[in-house]
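Enquirer: Quick one, upload-v3.cif (mmCIF, C-alpha atoms):
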data_model
#
loop_
_atom_site.label_atom_id
_atom_site.label_comp_id
_atom_site.auth_asym_id
_atom_site.auth_seq_id
_atom_site.Cartn_x
_atom_site.Cartn_y
_atom_site.Cartn_z
CA MET A 1 -73.11 8.90 109.40
CA ALA A 2 -72.19 12.55 109.66
CA ALA A 3 -72.84 13.21 113.33
CA PRO A 4 -73.63 11.45 116.62
CA LEU A 5 -77.22 10.39 117.04
CA ALA A 6 -79.55 8.95 119.70
CA LEU A 7 -83.04 8.52 120.98
CA ALA A 8 -85.12 8.44 124.12
CA LEU A 9 -88.63 7.08 124.19
CA LEU A 10 -91.22 8.20 126.66
CA SER A 11 -94.92 7.55 126.19
CA VAL A 12 -97.35 10.38 127.00
CA TRP A 13 -101.02 10.55 127.86
CA ALA A 14 -103.76 12.18 125.88
CA ALA A 15 -103.12 15.84 126.58
CA ALA A 16 -100.53 18.38 125.50
CA SER A 17 -97.15 18.47 127.20
CA PRO A 18 -93.63 19.65 126.37
CA VAL A 19 -91.53 18.04 123.71
CA TYR A 20 -87.85 18.22 124.77
CA VAL A 21 -85.39 18.29 121.87
CA SER A 22 -81.58 18.09 122.01
CA ASP A 23 -80.14 20.63 119.55
CA VAL A 24 -76.41 20.40 118.78
CA GLY A 25 -76.66 23.54 116.65
CA ASP A 26 -76.47 25.75 119.74
CA ALA A 27 -75.76 23.10 122.41
CA SER A 28 -79.11 23.31 124.17
CA VAL A 29 -82.35 21.52 124.93
CA LYS A 30 -85.38 23.24 123.41
CA LEU A 31 -88.98 22.88 124.53
CA PHE A 32 -92.09 22.98 122.36
CA ASP A 33 -95.79 22.50 122.98
CA GLN A 34 -96.66 18.98 121.89
CA TYR A 35 -99.68 19.97 119.78
CA THR A 36 -99.33 23.63 118.80
CA GLY A 37 -95.57 23.46 118.32
CA GLN A 38 -95.17 26.74 120.19
CA TYR A 39 -91.60 27.37 121.31
CA MET A 40 -91.34 27.33 125.13
CA GLY A 41 -87.67 28.15 125.73
CA LYS A 42 -84.30 26.42 125.96
CA TRP A 43 -82.16 24.94 128.72
CA GLY A 44 -78.64 23.69 129.24
CA THR A 45 -76.75 26.59 127.69
CA GLY A 46 -73.33 26.84 129.31
CA PHE A 47 -73.40 23.20 130.41
CA LEU A 48 -73.92 21.23 127.21
CA GLN A 49 -71.48 20.97 124.33
CA TYR A 50 -72.99 18.33 122.04
CA PRO A 51 -76.32 17.10 123.47
CA THR A 52 -77.56 13.77 122.16
CA GLY A 53 -79.78 11.24 124.02
CA ILE A 54 -82.48 12.64 126.28
CA ALA A 55 -85.06 11.13 128.64
CA LEU A 56 -87.23 11.91 131.66
CA ASP A 57 -87.54 9.90 134.85
CA ARG A 58 -90.44 9.75 137.33
CA GLN A 59 -88.58 12.10 139.70
CA ASN A 60 -89.04 14.91 137.15
CA ILE A 61 -85.37 14.82 136.18
CA LEU A 62 -84.37 15.39 132.56
CA TYR A 63 -81.26 13.42 131.60
CA VAL A 64 -79.18 14.61 128.64
CA ALA A 65 -76.19 12.72 127.23
CA ASP A 66 -73.34 14.89 125.93
CA TYR A 67 -71.21 13.31 123.23
CA SER A 68 -68.34 15.79 123.58
CA GLU A 69 -68.27 15.93 127.37
CA GLY A 70 -68.59 12.17 127.83
CA GLN A 71 -71.14 12.69 130.60
CA VAL A 72 -74.85 12.72 131.37
CA PHE A 73 -76.28 15.99 132.67
CA ARG A 74 -79.31 16.28 134.95
CA PHE A 75 -81.79 19.15 134.80
CA ASN A 76 -85.06 19.83 136.56
CA ALA A 77 -87.71 18.95 133.98
CA THR A 78 -89.97 21.80 135.08
CA THR A 79 -87.56 24.68 135.64
CA GLY A 80 -84.50 23.62 133.65
CA ALA A 81 -82.25 24.10 136.68
CA TYR A 82 -78.95 22.20 136.57
CA GLU A 83 -78.94 19.28 139.05
CA GLY A 84 -75.60 17.58 138.46
CA GLN A 85 -73.83 15.23 136.07
CA PHE A 86 -72.29 11.77 136.01
CA GLY A 87 -70.50 9.25 133.83
CA LYS A 88 -67.12 10.95 133.52
CA GLY A 89 -64.40 8.33 133.17
CA PHE A 90 -66.92 5.72 132.04
CA LEU A 91 -68.51 7.29 128.98
CA SER A 92 -66.72 7.99 125.72
CA GLY A 93 -68.87 9.29 122.91
CA PRO A 94 -72.35 8.64 124.40
CA TYR A 95 -75.25 8.65 121.96
CA GLY A 96 -78.68 7.37 123.00
CA LEU A 97 -80.17 7.46 126.48
CA ALA A 98 -83.19 5.88 128.15
CA VAL A 99 -84.38 5.59 131.74
CA ASP A 100 -86.57 2.87 133.26
CA ALA A 101 -89.14 2.99 136.06
CA ASN A 102 -86.45 2.15 138.64
CA ASP A 103 -84.38 5.23 137.72
CA VAL A 104 -81.73 3.17 135.96
CA VAL A 105 -80.24 5.19 133.08
CA TYR A 106 -79.02 3.32 129.99
CA VAL A 107 -76.51 5.09 127.74
CA THR A 108 -75.21 3.78 124.42
CA ASN A 109 -71.44 4.28 124.43
CA GLY A 110 -69.63 4.49 121.12
CA GLY A 111 -66.20 4.26 122.72
CA SER A 112 -66.82 0.79 124.17
CA ALA A 113 -69.50 -0.46 121.74
CA ASN A 114 -72.01 -1.30 124.45
CA VAL A 115 -74.62 0.17 126.78
CA LEU A 116 -73.58 1.46 130.21
CA LYS A 117 -75.96 1.49 133.18
CA PHE A 118 -76.04 4.14 135.91
CA ASN A 119 -78.19 4.87 138.94
CA GLY A 120 -79.95 7.99 137.72
CA LEU A 121 -80.32 9.50 141.18
CA THR A 122 -76.80 8.88 142.49
CA GLY A 123 -74.87 8.61 139.22
CA ASN A 124 -73.22 5.37 140.36
CA TYR A 125 -72.02 3.04 137.60
CA MET A 126 -73.98 -0.24 137.48
CA GLY A 127 -72.33 -2.24 134.71
CA ASP A 128 -72.74 -2.77 130.97
CA ILE A 129 -74.98 -4.57 128.50
CA GLY A 130 -74.35 -5.81 124.99
CA THR A 131 -70.58 -6.23 124.99
CA GLY A 132 -69.59 -8.58 122.19
CA PHE A 133 -72.87 -8.15 120.32
CA ILE A 134 -73.02 -4.48 119.36
CA LEU A 135 -70.67 -2.84 116.86
CA PHE A 136 -71.82 0.79 116.92
CA PRO A 137 -74.70 1.47 119.34
CA VAL A 138 -76.80 4.57 118.70
CA GLY A 139 -80.46 4.74 119.77
CA VAL A 140 -81.89 2.96 122.80
CA ALA A 141 -85.43 2.48 124.13
CA ILE A 142 -87.20 0.65 126.94
CA GLY A 143 -89.86 -1.86 125.85
CA PRO A 144 -93.22 -2.56 127.52
CA SER A 145 -91.80 -5.43 129.58
CA ASN A 146 -88.73 -3.42 130.58
CA GLU A 147 -86.49 -4.93 127.91
CA LEU A 148 -83.83 -2.86 126.17
CA PHE A 149 -83.80 -2.20 122.41
CA VAL A 150 -80.48 -0.96 121.02
CA ALA A 151 -79.97 0.26 117.45
CA ASP A 152 -76.65 -0.95 116.02
CA TYR A 153 -75.71 1.41 113.17
CA SER A 154 -72.84 -0.70 111.86
CA GLY A 155 -74.47 -4.09 112.52
CA ALA A 156 -77.66 -3.05 110.65
CA LYS A 157 -79.99 -4.49 113.29
CA VAL A 158 -81.72 -3.67 116.57
CA PHE A 159 -80.69 -5.85 119.50
CA ARG A 160 -82.94 -6.79 122.39
CA PHE A 161 -81.54 -7.38 125.90
CA ASP A 162 -82.94 -8.11 129.35
CA THR A 163 -82.46 -4.97 131.44
CA GLN A 164 -82.00 -6.85 134.71
CA ALA A 165 -79.43 -9.49 133.81
CA GLY A 166 -78.28 -7.94 130.54
CA GLY A 167 -78.99 -11.21 128.70
CA TYR A 168 -79.19 -11.26 124.91
CA GLU A 169 -82.75 -11.85 123.66
CA GLY A 170 -82.31 -11.69 119.89
CA TYR A 171 -82.61 -8.94 117.32
CA ILE A 172 -85.01 -7.37 114.81
CA ALA A 173 -84.70 -5.24 111.66
CA GLY A 174 -81.97 -7.36 110.09
CA GLY A 175 -82.23 -6.96 106.31
CA PHE A 176 -84.76 -4.12 106.58
CA ALA A 177 -82.88 -1.24 108.23
CA GLN A 178 -79.56 -0.53 106.52
CA SER A 179 -78.27 2.01 109.07
CA PRO A 180 -80.52 2.04 112.17
CA VAL A 181 -80.12 5.02 114.47
CA GLY A 182 -83.16 6.00 116.56
CA VAL A 183 -85.48 3.37 118.01
CA GLY A 184 -88.79 3.64 119.87
CA VAL A 185 -91.68 1.47 121.03
CA ASP A 186 -95.26 2.68 120.76
CA PRO A 187 -98.13 1.85 123.18
CA ASN A 188 -99.30 -0.98 120.90
CA GLY A 189 -95.95 -2.75 120.99
CA VAL A 190 -94.77 -1.59 117.57
CA VAL A 191 -91.01 -0.98 117.35
CA ASP A 192 -90.03 1.99 115.18
CA VAL A 193 -86.51 2.21 113.75
CA CYS A 194 -85.08 5.30 112.02
CA ASP A 195 -83.08 4.05 109.04
CA ASP A 196 -80.51 6.75 108.30
CA ALA A 197 -79.33 5.27 104.98
CA ASN A 198 -82.84 5.29 103.46
CA ASN A 199 -84.30 8.30 105.30
CA GLN A 200 -87.32 6.38 106.55
CA VAL A 201 -88.88 4.85 109.66
CA VAL A 202 -89.27 1.06 109.56
CA ARG A 203 -91.85 -0.69 111.78
CA PHE A 204 -91.72 -4.14 113.39
CA ASN A 205 -93.94 -6.25 115.60
CA TYR A 206 -92.65 -6.04 119.16
CA SER A 207 -93.10 -9.71 120.08
CA THR A 208 -92.37 -11.48 116.76
CA GLY A 209 -90.05 -9.02 115.04
CA ALA A 210 -92.17 -9.25 111.88
CA TYR A 211 -91.80 -6.38 109.41
CA MET A 212 -94.83 -4.05 109.41
CA GLY A 213 -93.97 -1.52 106.74
CA SER A 214 -92.33 1.90 106.66
CA PHE A 215 -93.15 5.61 106.55
CA ALA A 216 -91.55 9.09 106.52
CA GLN A 217 -89.90 8.67 103.14
CA GLY A 218 -89.15 12.16 101.85
CA TYR A 219 -89.57 13.69 105.30
CA ALA A 220 -87.05 11.99 107.59
CA GLY A 221 -84.07 13.93 106.09
CA PHE A 222 -81.25 12.39 108.08
CA GLY A 223 -83.58 11.66 110.98
CA PHE A 224 -82.02 10.81 114.32
CA GLY A 225 -84.20 10.24 117.36
CA ILE A 226 -87.81 9.14 117.46
CA ALA A 227 -90.35 9.29 120.29
CA ILE A 228 -93.93 8.03 120.24
CA ASP A 229 -96.74 9.27 122.47
CA LEU A 230 -99.84 7.51 123.76
CA ASN A 231 -101.89 8.98 120.94
CA VAL A 232 -99.61 6.93 118.65
CA VAL A 233 -98.04 10.07 117.19
CA ALA A 234 -94.40 9.59 116.19
CA TYR A 235 -91.99 12.52 116.51
CA VAL A 236 -88.87 12.27 114.34
CA ALA A 237 -85.92 14.64 114.77
CA ASP A 238 -84.68 15.89 111.38
CA TYR A 239 -81.05 16.95 111.86
CA SER A 240 -80.54 18.26 108.31
CA ASN A 241 -83.67 20.39 108.04
CA GLY A 242 -83.86 21.65 111.63
CA VAL A 243 -87.37 20.43 112.46
CA VAL A 244 -89.27 17.68 114.22
CA ASN A 245 -91.66 15.87 111.89
CA ARG A 246 -94.85 14.26 113.19
CA PHE A 247 -96.55 11.16 111.80
CA ASN A 248 -99.46 8.92 112.62
CA ASN A 249 -97.58 5.82 113.78
CA GLU A 250 -100.36 3.49 112.64
CA THR A 251 -100.94 4.83 109.12
CA GLY A 252 -97.69 6.69 108.51
CA ALA A 253 -99.64 9.83 107.55
CA TYR A 254 -97.66 13.06 107.82
CA MET A 255 -98.99 15.38 110.56
CA GLY A 256 -96.83 18.48 110.23
CA GLN A 257 -93.70 19.92 111.81
CA ILE A 258 -92.62 21.71 114.96
CA GLY A 259 -89.50 23.78 115.58
CA GLN A 260 -89.25 25.51 112.21
CA GLY A 261 -86.96 28.52 112.49
CA THR A 262 -85.98 27.63 116.06
CA LEU A 263 -84.25 24.27 115.84
CA LEU A 264 -80.86 24.12 114.16
CA ASN A 265 -79.64 20.51 114.26
CA PRO A 266 -81.94 18.37 116.44
CA THR A 267 -80.65 14.95 117.45
CA PHE A 268 -82.84 13.29 120.09
CA LEU A 269 -86.15 14.09 121.71
CA THR A 270 -88.58 12.96 124.37
CA VAL A 271 -92.14 13.89 125.31
CA ALA A 272 -93.04 14.61 128.91
CA PRO A 273 -95.47 12.09 130.42
CA LEU A 274 -98.84 13.34 131.56
CA PRO A 275 -101.12 11.65 134.09
CA ALA A 276 -102.32 8.13 133.28
CA PRO A 277 -105.46 6.58 134.78
CA VAL A 278 -105.47 4.10 137.64
CA THR A 279 -108.82 2.37 138.19
CA GLY A 280 -110.26 -0.39 140.33
CA THR A 281 -112.71 -1.22 143.09
CA VAL A 282 -112.57 -1.25 146.88
CA THR A 283 -114.72 -3.74 148.75
CA LEU A 284 -115.49 -2.45 152.24
CA GLN A 285 -116.06 -5.63 154.22
CA HIS A 286 -119.10 -5.85 156.54
CA PHE A 287 -120.40 -2.45 155.44
CA THR A 288 -123.92 -1.52 154.37
CA ALA A 289 -124.02 -1.33 150.57
CA SER A 290 -126.08 1.85 150.57
CA ALA A 291 -123.40 3.61 152.62
CA VAL A 292 -120.45 2.83 150.31
CA ALA A 293 -120.92 5.81 147.97
CA GLY A 294 -118.88 8.80 149.08
CA THR A 295 -116.53 6.84 151.33
CA PRO A 296 -112.98 8.26 151.10
CA VAL A 297 -110.06 5.86 150.64
CA THR A 298 -106.37 6.76 150.67
CA ILE A 299 -104.32 4.99 148.00
CA VAL A 300 -100.53 5.09 148.01
CA LEU A 301 -98.11 4.06 145.24
CA ARG A 302 -94.62 2.91 146.26
CA ASN A 303 -91.54 1.24 144.90
CA PRO A 304 -91.77 -2.55 145.36
CA GLY A 305 -90.96 -3.53 148.94
CA SER A 306 -90.77 0.07 150.15
CA THR A 307 -93.06 1.89 152.58
CA THR A 308 -92.13 5.34 151.25
CA ALA A 309 -94.91 6.93 149.22
CA LEU A 310 -94.16 7.98 145.64
CA GLU A 311 -97.68 9.35 145.30
CA THR A 312 -100.68 9.55 147.65
CA HIS A 313 -104.24 9.91 146.39
CA THR A 314 -107.50 10.24 148.31
CA VAL A 315 -110.35 8.88 146.22
CA THR A 316 -114.10 8.77 146.78
CA LEU A 317 -115.92 5.53 146.05
CA ASP A 318 -119.08 5.35 144.00
CA SER A 319 -122.01 3.16 144.99
CA SER A 320 -120.30 0.07 143.53
CA GLY A 321 -116.98 0.77 145.23
CA ASN A 322 -115.30 1.95 142.05
CA TYR A 323 -112.56 4.57 142.11
CA SER A 324 -110.19 6.27 139.71
CA PHE A 325 -107.32 8.75 139.78
CA THR A 326 -104.43 9.76 137.58
CA THR A 327 -100.73 9.24 138.22
CA ASN A 328 -97.57 10.92 136.98
CA LEU A 329 -95.48 7.78 137.49
CA LEU A 330 -93.78 6.17 134.52
CA PRO A 331 -94.55 2.66 133.31
CA GLY A 332 -93.04 0.06 135.64
CA THR A 333 -93.77 -2.08 138.68
CA TYR A 334 -95.21 -0.60 141.88
CA ASP A 335 -96.76 -1.62 145.18
CA VAL A 336 -100.22 -0.09 145.69
CA ALA A 337 -101.75 0.22 149.17
CA ALA A 338 -105.23 1.30 150.22
CA LYS A 339 -106.67 2.30 153.61
CA ALA A 340 -110.01 3.72 154.67
CA SER A 341 -111.06 5.21 158.00
CA HIS A 342 -111.98 2.09 160.02
CA TRP A 343 -110.55 -0.53 157.68
CA LEU A 344 -107.07 -2.03 157.73
CA ARG A 345 -104.53 -1.23 155.04
CA GLN A 346 -104.13 -3.70 152.18
CA ARG A 347 -101.07 -3.71 149.93
CA LEU A 348 -101.04 -5.16 146.43
CA SER A 349 -97.45 -6.03 145.54
CA SER A 350 -95.72 -5.60 142.18
CA GLN A 351 -98.56 -4.15 140.15
CA THR A 352 -97.68 -3.34 136.54
CA MET A 353 -98.10 0.22 135.29
CA LEU A 354 -98.36 0.34 131.50
CA SER A 355 -98.03 3.45 129.39
CA THR A 356 -101.84 3.50 129.44
CA GLY A 357 -102.00 3.29 133.26
CA MET A 358 -103.32 0.52 135.52
CA THR A 359 -106.73 -1.14 135.56
CA GLY A 360 -108.27 -3.74 137.84
CA VAL A 361 -106.42 -2.57 140.94
CA ASN A 362 -108.95 -4.08 143.35
CA PHE A 363 -108.91 -4.18 147.15
CA SER A 364 -110.93 -5.89 149.87
CA LEU A 365 -110.46 -4.08 153.18
CA ILE A 366 -110.90 -5.67 156.63
CA ASN A 367 -113.23 -3.74 158.94
CA GLY A 368 -112.70 -2.87 162.64
CA ASP A 369 -109.84 -0.35 162.91
CA ILE A 370 -111.82 2.30 164.74
CA ASN A 371 -108.84 4.39 165.90
CA GLY A 372 -107.07 4.19 162.54
CA ASP A 373 -103.76 2.72 163.76
CA ASN A 374 -103.92 -0.21 161.29
CA THR A 375 -104.42 -2.79 164.06
CA ILE A 376 -107.68 -4.10 165.52
CA SER A 377 -107.00 -4.22 169.25
CA LEU A 378 -108.18 -3.35 172.74
CA ALA A 379 -107.91 0.34 171.88
CA ASP A 380 -110.58 -0.11 169.21
CA PHE A 381 -112.77 -1.99 171.66
CA GLY A 382 -112.50 0.98 174.00
CA LYS A 383 -113.62 3.37 171.27
CA LEU A 384 -116.56 1.13 170.42
CA LYS A 385 -117.54 0.88 174.07
CA GLN A 386 -117.55 4.68 174.41
CA ALA A 387 -119.83 5.06 171.38
CA TYR A 388 -122.03 2.04 172.07
CA GLY A 389 -125.73 2.78 171.66
CA SER A 390 -125.13 6.13 169.98
CA MET A 391 -126.55 7.64 166.80
CA PRO A 392 -125.68 10.82 164.87
CA GLY A 393 -126.40 13.82 167.07
CA ASN A 394 -125.58 12.03 170.33
CA SER A 395 -122.66 13.42 172.33
CA ASN A 396 -120.81 10.09 172.23
CA TRP A 397 -121.40 9.47 168.52
CA ASN A 398 -118.29 8.24 166.68
CA PRO A 399 -118.87 7.51 162.97
CA ASN A 400 -115.79 5.27 162.89
CA ALA A 401 -117.39 3.02 165.51
CA ASP A 402 -120.39 2.50 163.23
CA LEU A 403 -118.56 -0.34 161.53
CA ASP A 404 -121.48 -1.66 159.51
CA GLY A 405 -122.63 1.81 158.41
CA ASN A 406 -126.23 1.40 159.51
CA GLY A 407 -126.35 4.73 161.36
CA SER A 408 -125.93 3.46 164.91
CA VAL A 409 -123.34 1.74 167.08
CA GLY A 410 -124.66 -1.55 168.34
CA LEU A 411 -124.20 -5.26 168.78
CA SER A 412 -123.51 -5.88 165.07
CA ASP A 413 -120.52 -3.53 165.23
CA PHE A 414 -119.19 -5.40 168.23
CA GLY A 415 -119.53 -8.64 166.25
CA ILE A 416 -117.43 -7.20 163.38
CA LEU A 417 -114.69 -6.05 165.74
CA LYS A 418 -114.67 -9.42 167.51
CA LEU A 419 -114.40 -11.25 164.18
CA HIS A 420 -111.14 -9.51 163.24
CA TYR A 421 -109.75 -8.81 166.70
CA GLY A 422 -105.96 -9.05 166.79
CA THR A 423 -105.52 -8.49 163.05
CA THR A 424 -102.97 -6.02 161.71
CA GLY A 425 -103.04 -4.48 158.27
CA ASP A 426 -100.25 -4.48 155.70
CA PRO A 427 -97.46 -1.95 156.22
#
Do you think you could lay out the structure here as structure tokens?
Expert:
Amino acid sequence: MAAPLALALLSVWAAASPVYVSDVGDASVKLFDQYTGQYMGKWGTGFLQYPTGIALDRQNILYVADYSEGQVFRFNATTGAYEGQFGKGFLSGPYGLAVDANDVVYVTNGGSANVLKFNGLTGNYMGDIGTGFILFPVGVAIGPSNELFVADYSGAKVFRFDTQAGGYEGYIAGGFAQSPVGVGVDPNGVVDVCDDANNQVVRFNYSTGAYMGSFAQGYAGFGFGIAIDLNVVAYVADYSNGVVNRFNNETGAYMGQIGQGTLLNPTFLTVAPLPAPVTGTVTLQHFTASAVAGTPVTIVLRNPGSTTALETHTVTLDSSGNYSFTTNLLPGTYDVAAKASHWLRQRLSSQTMLSTGMTGVNFSLINGDINGDNTISLADFGKLKQAYGSMPGNSNWNPNADLDGNGSVGLSDFGILKLHYGTTGDP
């Protein structure tokens, strides 16, 4: 192996976005349009010496491992502005880099033959994975269930570990990949391994480890990193020929190059994630069916157990209570909370975001929160009393007091409030 290698995998959604490529030829990160291949500029000059692994987190931070510096650099993924570095004193010859949905950064470390974990936001060291198993770790990728795949160049296999406890979960590619370097997982659960010795990409079933064939023979040219987008397009960095080759990851068909004449010696690459769909239904309890369409609902995505919003979306229900929006959050586990005007908030804990988004995120909201404070109490009774007997156009009309949505505030609304009196919504 003539030079340090690595990989970061990040799935993308079905629209164009930047491809970020580490280039050791001029110690920079170069950006290209995902589809047209148009060059979009370079970052990191003056900071990086030998950039290898690269990945994006959900905070819009681009992490770049530097083999020579023995550190990980942070850059703003939109502007390229330098935002700090970490790992000095821990890392020695870092290669691959990946980041999970909880902002934990995993770096393959040649000096200690394992994977080191860091808090991506603070840079704090969090321990190691793979000690005693790995001989020469290169590429690393996060799997669909948040497991860690690590390419062992010298051991001629790809190890699988639990990201939480670091437990060994077996290996794949033994006997098929002679010198594995880059590794990636596509949206269908196919594990791709760049085999440096044979200049090809070898494919395996994610769950069983079964061999599924190979592609890129004659194109991989000392290929390093590999990234796969949601359209199942594989991007392979070709260090020797100074390009990124694209392939259909299902058929292996060649799909052209990007970076010709601009890239010098690309090592690793990642593709920026674009919005993924989140869909579901909201049942508005004790509300007239004909009035559901057009009702606004605020939906918030948070880290599990937190009340701090990562994203907030206001959606409009259709006549069946269906909604949809798109999110920029990476695959992982999130709490999702929904609240409408006179309904209490409901939180769904630990919902799984896949690379393809989330479906079936369904809520059933309790009616009666007229003043919107997420508790059904005496204050709501007071609001209902003020609006009692009113209709649209009356001076005391309050649409939030029309709990059943029938166009007037009456005895049925009082019955709804009484039914849920004293109830508080989720935080």
Enquirer: Figure out the distance between atom CA of Asp229 of chain A and atom CA of Ala337 of chain A, please, to one decimal in Å.
Expert: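 Those two atoms sit 28.6 Å apart.
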Enquirer: Could you tell me how far atom CA of Asn114 of chain A sits from atom CA of Gly139 of chain A, in Å to one decimal place?
Expert: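 Straight-line distance from atom CA of Gly139 of chain A to atom CA of Asn114 of chain A works out to 11.4 Å.
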Enquirer: Please measure the separation of atom CA of Ser207 of chain A and atom CA of Ser179 of chain A, giving the value in Å to one decimal.
Expert: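 Taking atom CA of Ser207 of chain A and atom CA of Ser179 of chain A, their separation equals 21.9 Å.
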Enquirer: Written as a VMD selection string, which residues does the PyMOL selection byres ((chain A and resi 212) around 12) give for the file shown?
Expert: chain A and resid 172 to 173 176 189 to 193 201 to 206 208 to 211 213 to 215 249 to 252
Enquirer: Select all residues near (-78.6, -6.8, 123.8) (cut-off 9 Å, inclusive, file coordinates), counting all atoms listed in the file, and output them as a PyMOL selection string.
Expert: chain A and resi 114-115+129-131+133-134+148-150+158-163+166-171
Enquirer: Please save C-alpha atoms of the selected residues as a PDB file, keeping the file's coordinate frame.
Expert:
ATOM      1  CA  ASN A 114     -72.010  -1.300 124.450  1.00  0.00           C
ATOM      2  CA  VAL A 115     -74.620   0.170 126.780  1.00  0.00           C
ATOM      3  CA  ILE A 129     -74.980  -4.570 128.500  1.00  0.00           C
ATOM      4  CA  GLY A 130     -74.350  -5.810 124.990  1.00  0.00           C
ATOM      5  CA  THR A 131     -70.580  -6.230 124.990  1.00  0.00           C
ATOM      6  CA  PHE A 133     -72.870  -8.150 120.320  1.00  0.00           C
ATOM      7  CA  ILE A 134     -73.020  -4.480 119.360  1.00  0.00           C
ATOM      8  CA  LEU A 148     -83.830  -2.860 126.170  1.00  0.00           C
ATOM      9  CA  PHE A 149     -83.800  -2.200 122.410  1.00  0.00           C
ATOM     10  CA  VAL A 150     -80.480  -0.960 121.020  1.00  0.00           C
ATOM     11  CA  VAL A 158     -81.720  -3.670 116.570  1.00  0.00           C
ATOM     12  CA  PHE A 159     -80.690  -5.850 119.500  1.00  0.00           C
ATOM     13  CA  ARG A 160     -82.940  -6.790 122.390  1.00  0.00           C
ATOM     14  CA  PHE A 161     -81.540  -7.380 125.900  1.00  0.00           C
ATOM     15  CA  ASP A 162     -82.940  -8.110 129.350  1.00  0.00           C
ATOM     16  CA  THR A 163     -82.460  -4.970 131.440  1.00  0.00           C
ATOM     17  CA  GLY A 166     -78.280  -7.940 130.540  1.00  0.00           C
ATOM     18  CA  GLY A 167     -78.990 -11.210 128.700  1.00  0.00           C
ATOM     19  CA  TYR A 168     -79.190 -11.260 124.910  1.00  0.00           C
ATOM     20  CA  GLU A 169     -82.750 -11.850 123.660  1.00  0.00           C
ATOM     21  CA  GLY A 170     -82.310 -11.690 119.890  1.00  0.00           C
ATOM     22  CA  TYR A 171     -82.610  -8.940 117.320  1.00  0.00           C
TER      23      TYR A 171
END
Enquirer: Go through A:Gly357, A:Pro392, A:Pro144, A:Gly280 and flag the residue nearest Asn322 of chain A, using all atoms listed in the file for the distances.
Expert: A:Gly280
Enquirer: Can you fill out segment 380-391 of chain A with N, CA and C atoms and hand it back as an mmCIF file, in the frame of the given file?
Expert:
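Below you can see selection35.cif, which holds the result:
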data_model
loop_
_atom_site.group_PDB
_atom_site.id
_atom_site.type_symbol
_atom_site.label_atom_id
_atom_site.label_comp_id
_atom_site.auth_asym_id
_atom_site.auth_seq_id
_atom_site.Cartn_x
_atom_site.Cartn_y
_atom_site.Cartn_z
ATOM 1 N N ASP A 380 -109.380 -0.245 170.035
ATOM 2 C CA ASP A 380 -110.580 -0.110 169.210
ATOM 3 C C ASP A 380 -111.823 -0.536 170.005
ATOM 4 N N PHE A 381 -111.660 -1.571 170.815
ATOM 5 C CA PHE A 381 -112.770 -1.990 171.660
ATOM 6 C C PHE A 381 -113.190 -0.861 172.599
ATOM 7 N N GLY A 382 -112.190 -0.145 173.124
ATOM 8 C CA GLY A 382 -112.500 0.980 174.000
ATOM 9 C C GLY A 382 -113.284 2.066 173.296
ATOM 10 N N LYS A 383 -112.902 2.361 172.047
ATOM 11 C CA LYS A 383 -113.620 3.370 171.270
ATOM 12 C C LYS A 383 -115.059 2.931 170.990
ATOM 13 N N LEU A 384 -115.217 1.627 170.691
ATOM 14 C CA LEU A 384 -116.560 1.130 170.420
ATOM 15 C C LEU A 384 -117.415 1.187 171.687
ATOM 16 N N LYS A 385 -116.806 0.854 172.797
ATOM 17 C CA LYS A 385 -117.540 0.880 174.070
ATOM 18 C C LYS A 385 -118.030 2.282 174.387
ATOM 19 N N GLN A 386 -117.168 3.297 174.139
ATOM 20 C CA GLN A 386 -117.550 4.680 174.410
ATOM 21 C C GLN A 386 -118.737 5.123 173.557
ATOM 22 N N ALA A 387 -118.778 4.622 172.308
ATOM 23 C CA ALA A 387 -119.830 5.060 171.380
ATOM 24 C C ALA A 387 -121.030 4.124 171.361
ATOM 25 N N TYR A 388 -120.985 3.068 172.131
ATOM 26 C CA TYR A 388 -122.030 2.040 172.070
ATOM 27 C C TYR A 388 -123.407 2.656 172.362
ATOM 28 N N GLY A 389 -124.362 2.308 171.489
ATOM 29 C CA GLY A 389 -125.730 2.780 171.660
ATOM 30 C C GLY A 389 -125.986 4.151 171.068
ATOM 31 N N SER A 390 -124.969 4.757 170.474
ATOM 32 C CA SER A 390 -125.130 6.130 169.980
ATOM 33 C C SER A 390 -125.604 6.171 168.539
ATOM 34 N N MET A 391 -126.121 7.351 168.151
ATOM 35 C CA MET A 391 -126.550 7.640 166.800
ATOM 36 C C MET A 391 -126.076 9.054 166.476
#
